[in-house]
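J.: Pasting start.cif below, which is mmCIF, C-alpha atoms.
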```cif
data_target
#
loop_
_atom_site.label_atom_id
_atom_site.label_comp_id
_atom_site.auth_asym_id
_atom_site.auth_seq_id
_atom_site.Cartn_x
_atom_site.Cartn_y
_atom_site.Cartn_z
CA MET A 1 97.69 85.91 91.02
CA LYS A 2 93.96 85.64 91.55
CA SER A 3 91.86 83.46 93.80
CA SER A 4 88.33 83.49 95.20
CA PHE A 5 87.70 84.11 98.87
CA MET A 6 85.42 81.81 100.83
CA THR A 7 82.06 83.47 101.38
CA SER A 8 81.04 81.89 104.70
CA ALA A 9 80.48 84.40 107.50
CA VAL A 10 83.23 85.10 110.00
CA THR A 11 82.33 83.04 113.04
CA SER A 12 81.86 84.21 116.58
CA ALA A 13 85.15 82.49 117.32
CA VAL A 14 86.88 85.00 115.07
CA ARG A 15 85.39 87.86 117.01
CA GLY A 16 86.57 86.29 120.23
CA THR A 17 90.05 86.00 118.78
CA LEU A 18 89.97 89.63 117.73
CA ALA A 19 88.98 90.65 121.23
CA MET A 20 92.06 88.83 122.49
CA ALA A 21 94.17 90.66 119.92
CA THR A 22 92.85 94.01 121.11
CA THR A 23 94.04 93.15 124.62
CA VAL A 24 97.48 92.14 123.34
CA VAL A 25 97.83 95.30 121.27
CA THR A 26 96.74 97.49 124.18
CA THR A 27 99.31 95.83 126.41
CA MET A 28 102.02 96.37 123.83
CA ALA A 29 101.07 100.00 123.35
CA ALA A 30 101.37 100.57 127.08
CA LEU A 31 105.01 99.58 126.84
CA THR A 32 105.85 102.78 125.00
CA GLY A 33 105.82 104.54 128.33
CA VAL A 34 108.75 102.50 129.66
CA THR A 35 111.77 104.69 130.35
CA LEU A 36 114.98 103.40 128.81
CA ALA A 37 118.56 104.57 129.04
CA PRO A 38 119.96 106.29 125.95
CA ALA A 39 120.74 103.76 123.26
CA ALA A 40 124.36 104.76 123.01
CA GLN A 41 124.97 103.58 126.59
CA ALA A 42 123.79 100.08 125.68
CA GLN A 43 126.21 99.59 122.80
CA THR A 44 129.02 97.13 123.23
CA ALA A 45 132.54 98.34 122.52
CA ASP A 46 132.67 96.70 119.10
CA PHE A 47 129.08 97.24 117.99
CA PRO A 48 128.09 98.49 115.57
CA SER A 49 131.32 98.25 113.61
CA LYS A 50 129.97 98.66 110.08
CA THR A 51 126.91 99.72 108.08
CA ILE A 52 123.62 98.36 109.40
CA ARG A 53 121.20 97.01 106.81
CA ILE A 54 117.41 96.93 107.22
CA VAL A 55 115.77 94.77 104.56
CA VAL A 56 112.20 95.60 103.58
CA PRO A 57 110.82 92.47 101.87
CA TYR A 58 108.22 94.47 99.94
CA ALA A 59 108.31 97.01 97.10
CA GLY A 60 109.30 100.60 97.80
CA GLY A 61 106.74 103.26 98.60
CA GLY A 62 104.51 101.22 100.92
CA GLY A 63 103.93 101.65 104.64
CA THR A 64 106.72 99.28 105.67
CA ASP A 65 109.18 101.07 103.42
CA ILE A 66 108.15 104.47 104.80
CA ILE A 67 108.67 103.36 108.41
CA ALA A 68 112.00 101.70 107.59
CA ARG A 69 113.41 104.82 105.94
CA ARG A 70 112.28 107.13 108.74
CA LEU A 71 113.75 104.70 111.24
CA ALA A 72 117.07 104.44 109.40
CA GLN A 73 117.38 108.21 109.26
CA GLY A 74 116.99 108.44 113.04
CA LEU A 75 119.20 105.45 113.85
CA THR A 76 122.26 106.65 111.93
CA PRO A 77 123.34 109.40 114.39
CA ILE A 78 122.46 107.27 117.43
CA LEU A 79 124.44 104.21 116.35
CA LYS A 80 127.17 106.29 114.71
CA GLN A 81 127.07 104.08 111.64
CA ASN A 82 125.20 104.35 108.36
CA VAL A 83 121.85 102.57 108.43
CA ILE A 84 120.57 101.69 104.97
CA VAL A 85 117.26 100.30 103.71
CA GLU A 86 117.24 97.64 101.03
CA ASN A 87 114.03 96.54 99.26
CA LYS A 88 113.85 92.84 98.37
CA PRO A 89 110.21 92.22 97.34
CA GLY A 90 108.64 88.97 96.27
CA ALA A 91 106.64 85.97 97.49
CA ASN A 92 104.76 87.86 100.22
CA GLY A 93 107.98 88.92 101.90
CA ILE A 94 109.59 85.49 101.83
CA ILE A 95 112.45 86.39 99.45
CA GLY A 96 113.74 89.33 101.51
CA THR A 97 113.17 87.60 104.83
CA ASP A 98 115.02 84.52 103.62
CA ALA A 99 118.01 86.68 102.69
CA VAL A 100 118.15 88.01 106.25
CA ALA A 101 117.63 84.58 107.82
CA LYS A 102 120.72 83.40 105.93
CA SER A 103 122.81 86.50 106.75
CA GLU A 104 125.62 86.65 109.28
CA ALA A 105 124.18 86.88 112.81
CA ASP A 106 126.35 89.78 113.93
CA GLY A 107 123.69 92.40 114.64
CA HIS A 108 124.22 94.36 111.44
CA THR A 109 121.34 92.91 109.36
CA TYR A 110 117.60 93.10 110.09
CA VAL A 111 114.28 92.61 108.34
CA LEU A 112 111.23 94.82 108.89
CA VAL A 113 108.04 92.82 108.42
CA VAL A 114 104.28 93.02 108.87
CA ALA A 115 102.11 90.25 110.31
CA THR A 116 102.39 88.41 107.00
CA HIS A 117 105.57 87.07 108.60
CA TYR A 118 103.39 84.94 110.89
CA LEU A 119 101.03 83.83 108.12
CA ASN A 120 103.61 82.72 105.58
CA PRO A 121 104.37 79.32 107.21
CA LEU A 122 100.65 78.47 107.07
CA LEU A 123 100.09 79.61 103.49
CA ASN A 124 103.31 78.37 101.89
CA ALA A 125 104.18 74.67 101.88
CA ASN A 126 107.82 75.12 100.85
CA MET A 127 109.28 77.80 103.11
CA PRO A 128 113.04 78.28 102.54
CA TYR A 129 113.56 79.15 106.22
CA ASP A 130 111.99 78.35 109.58
CA THR A 131 110.09 81.41 110.80
CA PHE A 132 110.77 80.63 114.46
CA LYS A 133 114.18 78.93 114.37
CA ASP A 134 116.04 80.98 111.77
CA LEU A 135 115.00 84.45 112.96
CA THR A 136 114.78 86.15 116.34
CA GLY A 137 112.57 89.05 117.37
CA VAL A 138 113.93 92.51 118.18
CA THR A 139 110.88 94.72 118.71
CA LEU A 140 107.40 95.71 117.55
CA ILE A 141 108.17 99.12 116.07
CA ALA A 142 104.67 100.47 115.45
CA GLU A 143 101.09 99.56 114.63
CA SER A 144 98.32 101.18 112.59
CA PRO A 145 94.83 100.42 111.29
CA ALA A 146 94.13 99.15 107.81
CA VAL A 147 92.01 101.24 105.44
CA PHE A 148 89.63 100.25 102.63
CA VAL A 149 90.03 102.56 99.63
CA VAL A 150 88.44 102.99 96.21
CA SER A 151 89.13 105.28 93.28
CA SER A 152 87.92 108.84 93.82
CA GLU A 153 85.93 108.35 90.60
CA SER A 154 84.25 105.25 91.97
CA PRO A 155 80.49 105.49 92.62
CA TYR A 156 80.96 104.02 96.11
CA LYS A 157 80.86 106.62 98.88
CA ASN A 158 80.59 104.33 101.91
CA ILE A 159 80.80 100.69 102.96
CA PRO A 160 77.02 100.00 103.04
CA ASP A 161 76.65 101.21 99.44
CA PHE A 162 79.70 99.19 98.44
CA ILE A 163 78.33 96.00 100.01
CA LYS A 164 74.97 96.48 98.28
CA ALA A 165 76.67 96.93 94.90
CA MET A 166 78.92 93.88 95.37
CA ARG A 167 75.95 91.66 96.23
CA ALA A 168 74.20 92.81 93.06
CA LYS A 169 77.13 91.63 90.91
CA PRO A 170 78.72 88.56 92.52
CA GLY A 171 82.06 87.32 91.22
CA VAL A 172 82.70 90.37 89.04
CA ASN A 173 84.56 92.85 91.24
CA SER A 174 88.01 92.62 92.80
CA ILE A 175 89.60 93.31 96.18
CA GLY A 176 93.34 93.99 96.22
CA SER A 177 96.08 93.55 98.80
CA SER A 178 99.87 93.57 98.75
CA GLU A 179 100.73 90.87 101.30
CA ASN A 180 98.98 88.17 103.29
CA MET A 181 98.14 90.41 106.24
CA THR A 182 96.00 92.83 104.24
CA LYS A 183 94.70 89.89 102.23
CA LEU A 184 93.48 88.40 105.52
CA VAL A 185 91.75 91.67 106.47
CA GLY A 186 90.04 91.68 103.08
CA ALA A 187 89.06 88.03 103.46
CA MET A 188 87.47 88.77 106.83
CA PHE A 189 85.37 91.53 105.27
CA VAL A 190 84.32 89.37 102.31
CA ALA A 191 83.43 86.44 104.58
CA GLU A 192 81.54 88.52 107.14
CA GLU A 193 79.39 90.17 104.47
CA LYS A 194 78.97 86.99 102.36
CA LEU A 195 80.42 88.65 99.25
CA ASP A 196 81.77 86.97 96.14
CA MET A 197 84.86 88.91 95.01
CA VAL A 198 88.13 88.11 93.25
CA SER A 199 91.28 88.49 95.37
CA VAL A 200 94.21 90.19 93.62
CA MET A 201 97.67 90.15 95.21
CA TYR A 202 100.36 92.73 94.42
CA LYS A 203 104.08 92.72 95.24
CA GLY A 204 103.81 96.12 96.93
CA GLY A 205 101.31 98.61 98.30
CA ALA A 206 102.31 101.43 95.95
CA PRO A 207 101.48 99.59 92.69
CA LEU A 208 98.26 98.34 94.27
CA MET A 209 97.19 101.89 95.12
CA THR A 210 97.97 103.03 91.57
CA ASP A 211 95.68 100.36 90.15
CA VAL A 212 92.92 101.10 92.66
CA ALA A 213 93.11 104.80 91.79
CA SER A 214 92.83 104.00 88.08
CA GLY A 215 89.93 101.60 88.60
CA VAL A 216 91.78 98.41 87.64
CA VAL A 217 90.99 97.02 91.11
CA THR A 218 87.58 97.75 92.65
CA ILE A 219 88.74 98.20 96.25
CA GLY A 220 92.07 97.96 98.03
CA VAL A 221 93.05 97.08 101.59
CA THR A 222 96.26 98.68 102.82
CA SER A 223 97.81 100.83 105.53
CA ILE A 224 96.91 104.49 105.80
CA MET A 225 100.59 105.26 105.24
CA THR A 226 100.54 103.51 101.88
CA ALA A 227 97.33 105.17 100.68
CA LYS A 228 97.73 108.63 102.16
CA ASN A 229 99.65 110.29 99.33
CA LEU A 230 97.03 109.38 96.71
CA MET A 231 94.24 110.25 99.14
CA ASP A 232 95.78 113.68 99.72
CA ASN A 233 96.08 114.13 95.95
CA GLY A 234 92.40 113.36 95.49
CA ARG A 235 92.87 110.09 93.59
CA LEU A 236 91.68 107.72 96.30
CA ARG A 237 88.63 107.75 98.58
CA ALA A 238 88.79 106.05 101.98
CA LEU A 239 85.59 104.19 102.89
CA ALA A 240 86.49 102.88 106.36
CA VAL A 241 89.31 102.11 108.79
CA THR A 242 89.70 98.99 110.92
CA SER A 243 90.53 100.68 114.23
CA ALA A 244 88.18 100.76 117.22
CA GLN A 245 87.90 104.55 116.95
CA ARG A 246 88.31 106.91 114.03
CA SER A 247 91.91 107.62 113.12
CA PRO A 248 93.20 111.13 113.92
CA ALA A 249 94.84 111.03 110.49
CA LEU A 250 91.42 110.48 108.82
CA PRO A 251 88.88 111.99 111.23
CA ASN A 252 86.10 112.06 108.63
CA VAL A 253 86.44 108.39 107.71
CA PRO A 254 84.20 106.02 109.73
CA THR A 255 85.35 102.77 111.30
CA MET A 256 84.17 99.45 109.92
CA THR A 257 82.08 99.06 113.08
CA GLU A 258 80.38 102.41 112.43
CA SER A 259 79.79 101.20 108.88
CA GLY A 260 77.89 98.16 110.15
CA VAL A 261 80.59 95.51 109.66
CA LYS A 262 81.20 93.44 112.79
CA GLY A 263 84.45 91.85 113.97
CA MET A 264 86.76 94.17 112.04
CA GLN A 265 88.73 95.90 114.81
CA ILE A 266 92.18 94.84 113.73
CA GLY A 267 95.54 96.54 113.27
CA LEU A 268 98.62 96.20 111.09
CA THR A 269 101.96 95.68 112.83
CA TYR A 270 105.52 96.57 111.84
CA SER A 271 108.18 94.43 113.52
CA LEU A 272 111.95 94.04 113.40
CA PHE A 273 113.66 90.63 113.27
CA ALA A 274 117.30 89.55 113.07
CA PRO A 275 119.04 86.31 112.08
CA ALA A 276 118.88 83.66 114.79
CA LYS A 277 121.93 83.50 117.07
CA THR A 278 122.44 87.26 116.88
CA PRO A 279 124.05 88.11 120.25
CA LYS A 280 121.46 89.19 122.81
CA ASP A 281 123.39 92.32 123.81
CA ARG A 282 123.32 93.51 120.21
CA LEU A 283 119.59 92.88 119.92
CA ILE A 284 119.07 94.93 123.08
CA ALA A 285 121.30 97.74 121.81
CA MET A 286 119.32 97.85 118.57
CA GLN A 287 115.96 97.77 120.37
CA LYS A 288 116.96 100.65 122.62
CA ALA A 289 118.11 102.67 119.63
CA VAL A 290 114.80 101.93 117.87
CA HIS A 291 112.89 102.96 121.00
CA GLU A 292 114.82 106.22 121.15
CA VAL A 293 113.92 107.00 117.54
CA ALA A 294 110.34 105.71 117.59
CA THR A 295 109.35 107.63 120.72
CA SER A 296 111.10 110.89 119.81
CA PRO A 297 108.76 113.86 119.23
CA ALA A 298 109.75 114.04 115.56
CA MET A 299 109.05 110.37 114.89
CA ARG A 300 105.86 110.37 116.96
CA ASN A 301 104.58 113.28 114.88
CA ALA A 302 105.63 111.62 111.63
CA LEU A 303 103.95 108.35 112.60
CA SER A 304 100.85 110.16 113.84
CA GLU A 305 100.46 111.87 110.47
CA GLN A 306 100.44 108.40 108.95
CA ALA A 307 98.02 107.01 111.58
CA ALA A 308 100.69 104.81 113.18
CA THR A 309 101.46 104.47 116.90
CA PRO A 310 105.02 103.77 118.10
CA VAL A 311 105.57 100.79 120.41
CA ALA A 312 109.25 99.69 120.34
CA ASN A 313 108.82 97.25 123.22
CA PRO A 314 111.76 95.46 124.90
CA VAL A 315 113.36 92.39 123.30
CA ASP A 316 112.18 89.91 125.94
CA GLU A 317 108.62 91.23 125.83
CA PHE A 318 108.47 91.05 122.05
CA GLN A 319 110.05 87.60 121.81
CA ALA A 320 107.52 86.27 124.32
CA GLN A 321 104.73 87.45 122.01
CA VAL A 322 106.07 86.03 118.72
CA VAL A 323 104.64 82.52 119.02
CA LYS A 324 101.36 83.84 120.45
CA ASN A 325 101.06 86.31 117.58
CA ALA A 326 101.68 83.54 115.05
CA GLU A 327 99.02 81.34 116.66
CA PHE A 328 96.52 84.20 116.63
CA TRP A 329 97.00 85.16 112.96
CA GLN A 330 97.14 81.57 111.76
CA ASN A 331 93.97 80.62 113.65
CA LEU A 332 92.20 83.65 112.20
CA ALA A 333 93.33 82.75 108.68
CA LYS A 334 92.00 79.21 109.09
CA GLN A 335 88.65 80.48 110.39
CA VAL A 336 88.05 82.68 107.32
CA GLY A 337 89.43 80.07 104.92
CA LEU A 338 92.39 82.11 103.72
CA LYS A 339 94.46 80.17 101.21
CA GLY A 340 97.90 80.74 99.71
CA ASP A 341 98.21 81.92 96.11
#
```
Translate this file's structure into C-alpha cells.
T.:
Amino acid sequence: MKSSFMTSAVTSAVRGTLAMATTVVTTMAALTGVTLAPAAQAQTADFPSKTIRIVVPYAGGGGTDIIARRLAQGLTPILKQNVIVENKPGANGIIGTDAVAKSEADGHTYVLVVATHYLNPLLNANMPYDTFKDLTGVTLIAESPAVFVVSSESPYKNIPDFIKAMRAKPGVNSIGSSENMTKLVGAMFVAEEKLDMVSVMYKGGAPLMTDVASGVVTIGVTSIMTAKNLMDNGRLRALAVTSAQRSPALPNVPTMTESGVKGMQIGLTYSLFAPAKTPKDRLIAMQKAVHEVATSPAMRNALSEQAATPVANPVDEFQAQVVKNAEFWQNLAKQVGLKGD
C-alpha cells in the first residue's frame, strides 16, 4: 500500500528522544558482559519436553529471519530439543504475533520481532491481541543499524546528491520499507529533509531489496543483514547507515550524520516474546540459552558480519524496558506524523 509521508521537519524533541534511546541502547549493550551459568543448568526437569517453535512474523530472507535461523541452530543442542523457525508474514507482523499470543503458554512457542511490535498498537485501530497483556518479554537478542540503499545502477552515489535530486522532483520518487520500524526511520529522514516521497510497504525485506535493486523503488530502508547479500553481489549500493559510527561491516559507507542529516542515530532491535502466563522459570531458561548462543564466538562473528551486536539481556531487565521502549517509539512516530497503512 502507498501513502505520503508528512514533510514537516523532525523537531528538536525528536532529537532529544533519540538521545535518550542511545542511552538505553548503550545500557542494554553493556549487559552482554554479564556472566551467566550454562543454560542447561537452568532448565526445569520437564522443560523443554517437545519441539520449540520460533515464529518470525515477516517473510523469509530478511534480517529477522536470518537471526532466528542462526539462533535456532545454536539452541537445538543446548536445549536438547529441535528448535524450528516458522514464517508467518502479514500485517506488519501482526498475523504471526497474534498466532503466538494465542498459543499455549508452556514455554515452547516464541515470536521474534523488531520494534514494529511497539508501533503496531499505535498504527492499527483493530489489534487482535493486546501487545502488553497477551505477550511477555524474554530478551533483546541483538541490535543493528538501519541502512539506506539504492540500485547499483542508480545515479545517486551519496545522501546529499540523493536529497538534491528528490527536491528537484517532489512527489515522484518512492521510499520502501518492510515493516513499521524501517518505515519510521524512512519517515524521519523524509521529514528532516522536507522531502515529498511516496512510502511503499512490503511484507518482507527480501522482496523489497529485489525491487530496489531493479529500480522499482527509488530507495529502501532496511537492516544491513537484509541488504548485504545483494550489496555483496553488486546489485545494491549503500548510501548511509544510521549508527553513531561507521559499521565495521560497511566501513566505507558514511553515517547519516556524516552525510549531513541530523537526528538519525537510531538502531533496529530484534527481541523475543512469549505468550503471557508462560512460567517465569521457563522464560529464564530460554533467555539463558539465547544468551549462551548469542554471545558465543561463532554467533558473535556471524552477527558482526551482518553488522549486528548481541545483547541477550536478562528477563527482568528486558521486561522492565518493554513499556519504556513502546513509549519511546510511539512518541517518535507521533512527532514525525507516521500513519498506519
J.: Env of Phe318 of chain A: 10 Å cut, atoms = only C-alpha atoms, seq-sep filter 5 positions within chain, self excluded. Answer as a PDB file with C-alpha atoms, in the coordinates of the input.
T.:
```pdb
ATOM      1  CA  MET A  28     102.020  96.370 123.830  1.00  0.00           C
ATOM      2  CA  THR A 136     114.780  86.150 116.340  1.00  0.00           C
ATOM      3  CA  GLY A 137     112.570  89.050 117.370  1.00  0.00           C
ATOM      4  CA  VAL A 138     113.930  92.510 118.180  1.00  0.00           C
ATOM      5  CA  THR A 139     110.880  94.720 118.710  1.00  0.00           C
ATOM      6  CA  LEU A 140     107.400  95.710 117.550  1.00  0.00           C
ATOM      7  CA  SER A 271     108.180  94.430 113.520  1.00  0.00           C
ATOM      8  CA  LEU A 272     111.950  94.040 113.400  1.00  0.00           C
ATOM      9  CA  ALA A 312     109.250  99.690 120.340  1.00  0.00           C
ATOM     10  CA  ASN A 313     108.820  97.250 123.220  1.00  0.00           C
ATOM     11  CA  VAL A 323     104.640  82.520 119.020  1.00  0.00           C
ATOM     12  CA  ASN A 325     101.060  86.310 117.580  1.00  0.00           C
TER      13      ASN A 325
END
```
J.: Taking into account all atoms listed in the file, which residue in the set A:Lys228, A:Lys262, A:Arg300, A:Lys334 is nearest to Ser243 of chain A?
T.: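 Looking at the shortest contact to Ser243 of chain A, the residue is A:Lys262.
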J.: Which is closer to Ala125 of chain A than all the others in A:Lys339, A:Ser223, A:Ile52, A:Gly93, using all atoms listed in the file?
T.: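 Using all atoms listed in the file, the shortest distance to Ala125 of chain A belongs to A:Lys339.
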J.: Which of these residues is nearest to Leu332 of chain A, using only C-alpha atoms: A:Met201, A:Ile54, A:Val111, A:Ala191?
T.: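 Checking each candidate against Leu332 of chain A, we get A:Ala191 as the closest.
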J.: With 3 Å added on each side, what axis-aligned box encloses every listed atom of segment 69-82 of chain A? Give the centre and edge lengths in Å to one decimal, as AutoDock Vina command-line options.
T.:
```
--center_x 119.7 --center_y 106.7 --center_z 111.7 --size_x 20.9 --size_y 11.3 --size_z 17.5
```
J.: Quick one: residues within 8 Å of Pro275 of chain A, only C-alpha atoms, excluding same-chain residues fewer than 4 positions away - as a ChimeraX atom specification?
T.: /A:100-105,109-110,134-136
J.: Go ahead and write the selection's residues with C-alpha atoms as a compact mmCIF listing (two decimals), in the coordinates of the input.
T.:
```txt
# COMPACT_ATOMS: atom_id res chain seq x y z
CA VAL A 100 118.15 88.01 106.25
CA ALA A 101 117.63 84.58 107.82
CA LYS A 102 120.72 83.40 105.93
CA SER A 103 122.81 86.50 106.75
CA GLU A 104 125.62 86.65 109.28
CA ALA A 105 124.18 86.88 112.81
CA THR A 109 121.34 92.91 109.36
CA TYR A 110 117.60 93.10 110.09
CA ASP A 134 116.04 80.98 111.77
CA LEU A 135 115.00 84.45 112.96
CA THR A 136 114.78 86.15 116.34
```
J.: From the list A:Leu75, A:Phe273, A:Met166, A:Ala146, which residue is nearest Gly96 of chain A when using only C-alpha atoms?
T.: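 Counting only C-alpha atoms, the residue closest to Gly96 of chain A is A:Phe273.
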J.: List the neighbours of segment 167-183 of chain A out to 8 Å using all atoms listed in the file; skip same-chain residues closer than 3 positions along the sequence, and give me the result as a short mmCIF file (atom, residue, chain, number, x, y, z; two decimals) with C-alpha atoms, keeping the file's coordinate frame.
T.:
```cif
data_model
loop_
_atom_site.label_atom_id
_atom_site.label_comp_id
_atom_site.auth_asym_id
_atom_site.auth_seq_id
_atom_site.Cartn_x
_atom_site.Cartn_y
_atom_site.Cartn_z
CA ASN A 92 104.76 87.86 100.22
CA GLY A 93 107.98 88.92 101.90
CA VAL A 114 104.28 93.02 108.87
CA ALA A 115 102.11 90.25 110.31
CA THR A 116 102.39 88.41 107.00
CA LEU A 119 101.03 83.83 108.12
CA ASN A 120 103.61 82.72 105.58
CA ALA A 146 94.13 99.15 107.81
CA ILE A 163 78.33 96.00 100.01
CA LYS A 164 74.97 96.48 98.28
CA GLY A 186 90.04 91.68 103.08
CA ALA A 187 89.06 88.03 103.46
CA LEU A 195 80.42 88.65 99.25
CA ASP A 196 81.77 86.97 96.14
CA MET A 197 84.86 88.91 95.01
CA VAL A 198 88.13 88.11 93.25
CA SER A 199 91.28 88.49 95.37
CA VAL A 200 94.21 90.19 93.62
CA MET A 201 97.67 90.15 95.21
CA TYR A 202 100.36 92.73 94.42
CA LYS A 203 104.08 92.72 95.24
CA GLY A 204 103.81 96.12 96.93
CA GLY A 205 101.31 98.61 98.30
CA LEU A 208 98.26 98.34 94.27
CA VAL A 212 92.92 101.10 92.66
CA VAL A 217 90.99 97.02 91.11
CA THR A 218 87.58 97.75 92.65
CA ILE A 219 88.74 98.20 96.25
CA GLY A 220 92.07 97.96 98.03
CA VAL A 221 93.05 97.08 101.59
CA THR A 222 96.26 98.68 102.82
CA LEU A 268 98.62 96.20 111.09
#
```
J.: Excluding same-chain residues fewer than 2 positions from Arg282 of chain A, what lies within 8 Å of it counting all atoms listed in the file, as a list of chain:residue names?
T.: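 After dropping sequence-adjacent residues, the list is A:Gln43, A:Thr44, A:Phe47, A:Asp106, A:Gly107, A:Thr278, A:Pro279, A:Lys280, A:Ile284, A:Ala285, A:Met286.
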J.: Starting from the displayed file, determine the output of the PyMOL selection byres ((chain A and resi 122) around 10) and express the residue list as a PyMOL selection string.
T.: chain A and resi 118-121+123-125+127+326+329-331+333-334+338-340
J.: Evaluate the PyMOL selection byres ((chain A and resi 230) around 10) here and jot the selected residues down as a list in words.
T.: Ser151, Ser152, Ala206, Met209, Thr210, Ala213, Thr226, Ala227, Lys228, Asn229, Met231, Asp232, Asn233, Gly234, Arg235, Leu236 and Arg237 of chain A
J.: Between atom CA of Gln287 of chain A and atom CA of Thr64 of chain A, measure the distance and give it in Å to one decimal.
T.: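 Answer for the atom CA of Gln287 of chain A to atom CA of Thr64 of chain A separation: 17.4 Å.
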J.: When you draw a straight line from atom CA of Gly260 of chain A to atom CA of Gly337 of chain A, how long is it in Å?
T.: 22.1 Å
